[in-house]
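Note: the block below is protein28.pdb and it holds PDB, C-alpha atoms, pLDDT in the B column.
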ATOM      1  CA  MET A   1      79.589 100.736  92.408  1.00 53.00           C
ATOM      2  CA  HIS A   2      80.876  99.837  88.977  1.00 54.00           C
ATOM      3  CA  THR A   3      78.721  99.437  85.905  1.00 56.00           C
ATOM      4  CA  LEU A   4      79.009  96.134  84.028  1.00 57.00           C
ATOM      5  CA  ASP A   5      79.356  97.752  80.595  1.00 63.00           C
ATOM      6  CA  ASN A   6      82.082 100.225  81.647  1.00 58.00           C
ATOM      7  CA  PRO A   7      83.861  99.258  84.893  1.00 54.00           C
ATOM      8  CA  LEU A   8      86.368 101.711  86.356  1.00 58.00           C
ATOM      9  CA  GLN A   9      89.998 100.763  85.818  1.00 60.00           C
ATOM     10  CA  PRO A  10      91.605  99.004  87.453  1.00 62.00           C
ATOM     11  CA  ALA A  11      88.571  96.779  88.098  1.00 58.00           C
ATOM     12  CA  ALA A  12      87.746  93.553  89.871  1.00 60.00           C
ATOM     13  CA  LYS A  13      89.243  90.485  88.211  1.00 61.00           C
ATOM     14  CA  ASN A  14      85.773  89.434  87.044  1.00 63.00           C
ATOM     15  CA  PRO A  15      83.588  92.563  87.039  1.00 64.00           C
ATOM     16  CA  GLN A  16      79.904  91.816  87.437  1.00 63.00           C
ATOM     17  CA  ALA A  17      76.841  93.976  87.859  1.00 63.00           C
ATOM     18  CA  GLY A  18      77.029  95.551  91.312  1.00 58.00           C
ATOM     19  CA  THR A  19      80.755  94.938  91.759  1.00 60.00           C
ATOM     20  CA  ALA A  20      82.133  97.449  94.228  1.00 61.00           C
ATOM     21  CA  ALA A  21      85.644  98.675  94.861  1.00 70.00           C
ATOM     22  CA  LEU A  22      86.742  99.093  98.454  1.00 85.00           C
ATOM     23  CA  CYS A  23      89.020 101.961  99.469  1.00 90.00           C
ATOM     24  CA  PHE A  24      90.796 102.406 102.786  1.00 95.00           C
ATOM     25  CA  ILE A  25      92.198 105.833 103.652  1.00 95.00           C
ATOM     26  CA  THR A  26      95.228 105.536 105.923  1.00 96.00           C
ATOM     27  CA  ALA A  27      97.286 108.043 107.864  1.00 96.00           C
ATOM     28  CA  LEU A  28     100.384 105.849 107.378  1.00 96.00           C
ATOM     29  CA  PRO A  29     102.639 107.114 104.596  1.00 97.00           C
ATOM     30  CA  LEU A  30     101.826 105.231 101.390  1.00 96.00           C
ATOM     31  CA  ASP A  31     105.513 104.281 101.024  1.00 96.00           C
ATOM     32  CA  ASN A  32     105.166 102.335 104.295  1.00 97.00           C
ATOM     33  CA  VAL A  33     102.029 100.595 103.000  1.00 97.00           C
ATOM     34  CA  VAL A  34     103.775  99.639  99.742  1.00 97.00           C
ATOM     35  CA  GLN A  35     106.784  98.299 101.672  1.00 98.00           C
ATOM     36  CA  HIS A  36     104.466  96.276 103.919  1.00 97.00           C
ATOM     37  CA  PHE A  37     102.768  94.722 100.872  1.00 97.00           C
ATOM     38  CA  HIS A  38     106.184  93.901  99.385  1.00 97.00           C
ATOM     39  CA  ASN A  39     107.283  92.309 102.682  1.00 98.00           C
ATOM     40  CA  LEU A  40     104.143  90.138 102.620  1.00 97.00           C
ATOM     41  CA  LYS A  41     104.672  89.352  98.905  1.00 97.00           C
ATOM     42  CA  VAL A  42     101.290  90.908  98.045  1.00 96.00           C
ATOM     43  CA  PRO A  43     101.435  92.027  94.387  1.00 97.00           C
ATOM     44  CA  ILE A  44     100.545  95.654  93.691  1.00 97.00           C
ATOM     45  CA  THR A  45      98.074  95.799  90.804  1.00 93.00           C
ATOM     46  CA  ALA A  46      98.475  99.542  90.184  1.00 94.00           C
ATOM     47  CA  GLY A  47      99.973 102.627  91.747  1.00 92.00           C
ATOM     48  CA  PRO A  48     100.896 104.693  93.477  1.00 96.00           C
ATOM     49  CA  VAL A  49      98.640 106.869  91.355  1.00 95.00           C
ATOM     50  CA  GLU A  50      96.775 110.121  92.021  1.00 95.00           C
ATOM     51  CA  ARG A  51      92.994 109.834  92.002  1.00 90.00           C
ATOM     52  CA  THR A  52      90.001 111.862  93.098  1.00 88.00           C
ATOM     53  CA  GLY A  53      88.341 110.427  96.181  1.00 85.00           C
ATOM     54  CA  THR A  54      85.030 111.323  97.762  1.00 83.00           C
ATOM     55  CA  LEU A  55      86.639 114.066  99.850  1.00 87.00           C
ATOM     56  CA  GLY A  56      89.255 115.245  97.334  1.00 92.00           C
ATOM     57  CA  PRO A  57      92.593 114.188  95.857  1.00 96.00           C
ATOM     58  CA  ILE A  58      94.209 110.948  97.058  1.00 96.00           C
ATOM     59  CA  LEU A  59      97.312 108.903  96.293  1.00 97.00           C
ATOM     60  CA  SER A  60      96.396 105.229  95.897  1.00 96.00           C
ATOM     61  CA  VAL A  61      97.806 101.756  95.484  1.00 97.00           C
ATOM     62  CA  TYR A  62      95.671  98.804  94.425  1.00 94.00           C
ATOM     63  CA  ILE A  63      95.890  95.160  95.433  1.00 94.00           C
ATOM     64  CA  ARG A  64      93.542  92.202  95.033  1.00 88.00           C
ATOM     65  CA  ASP A  65      91.944  90.100  97.731  1.00 85.00           C
ATOM     66  CA  PRO A  66      92.066  86.280  97.393  1.00 83.00           C
ATOM     67  CA  ASP A  67      88.850  86.359  95.289  1.00 78.00           C
ATOM     68  CA  GLY A  68      90.284  88.889  92.828  1.00 80.00           C
ATOM     69  CA  ASN A  69      88.317  91.867  94.145  1.00 82.00           C
ATOM     70  CA  LEU A  70      90.065  95.221  93.980  1.00 85.00           C
ATOM     71  CA  ILE A  71      91.228  96.828  97.235  1.00 92.00           C
ATOM     72  CA  GLU A  72      92.503 100.419  97.231  1.00 94.00           C
ATOM     73  CA  VAL A  73      94.663 101.875 100.011  1.00 97.00           C
ATOM     74  CA  ALA A  74      95.180 105.626  99.853  1.00 97.00           C
ATOM     75  CA  ASN A  75      96.507 108.771 101.479  1.00 97.00           C
ATOM     76  CA  ALA A  76      94.565 112.016 101.329  1.00 95.00           C
ATOM     77  CA  LEU A  77      96.597 114.671  99.526  1.00 94.00           C
TER      78      LEU A  77
END

Entire entry expressed as structure tokens:
Amino acid sequence: MHTLDNPLQPAAKNPQAGTAALCFITALPLDNVVQHFHNLKVPITAGPVERTGTLGPILSVYIRDPDGNLIEVANAL
């Protein structure tokens, strides 16, 4: 969950109290995921970038859903 006064970056397009970021961990190589997004003409908001996930280091890319919410797709490192 993000706080309204200091949302994590990148954040939802319109962060509000209780806004959550959604992260999918995939076994597919992140290069394949990025290429798939490019093929679908889905803009990448940020990444690939190294982050710390719940279970340790991850490599992430960020996209937005049609409502502007942030979606993270990552590989465990």

Next item on the list: Please measure the separation of CA of Ile63 in chain A and CA of Pro43 in chain A, giving the value in Å to one decimal.
Entry: 6.5 Å

Margin query: I'd like the neighbourhood of range 25-42 of chain A as JSON, numbers by chain, where a residue qualifies if any of its atoms comes within 6 Å (using all atoms listed in the file), though same-chain residues fewer than 5 positions away should be ignored.
Written below: {"A": [73, 74, 75]}

Those same residues - C-alpha atoms - I'd like them written as a CSV table (one decimal), in the coordinates of the input.
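Now in out04.csv:
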chain,number,residue,atom,x,y,z
A,73,VAL,CA,94.7,101.9,100.0
A,74,ALA,CA,95.2,105.6,99.9
A,75,ASN,CA,96.5,108.8,101.5

Item checked: Coordinates-based distance that separates CA of Phe24 in chain A from CA of Thr45 in chain A (Å, one decimal) ->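 Those two atoms sit 15.5 Å apart.
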
Item checked: Between CA of Gly68 in chain A and CA of Gly56 in chain A - distance in Å to one decimal ->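 Result for CA of Gly56 in chain A versus CA of Gly68 in chain A: 26.8 Å, one decimal.
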
Note to self: Using only C-alpha atoms for the distances, tell me which of A:Val49, A:Leu59, A:Ala21, A:Ile44 is nearest to Ile71 in chain A.
What the structure shows: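 Result for the nearest residue to Ile71 in chain A: A:Ala21.
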
Notebook entry, point to check: Mind telling me what the PyMOL selection byres ((chain A and resi 51) around 12) catches here, as a PyMOL selection string?
Noted result: chain A and resi 8-10+23+46-50+52-62+72-77
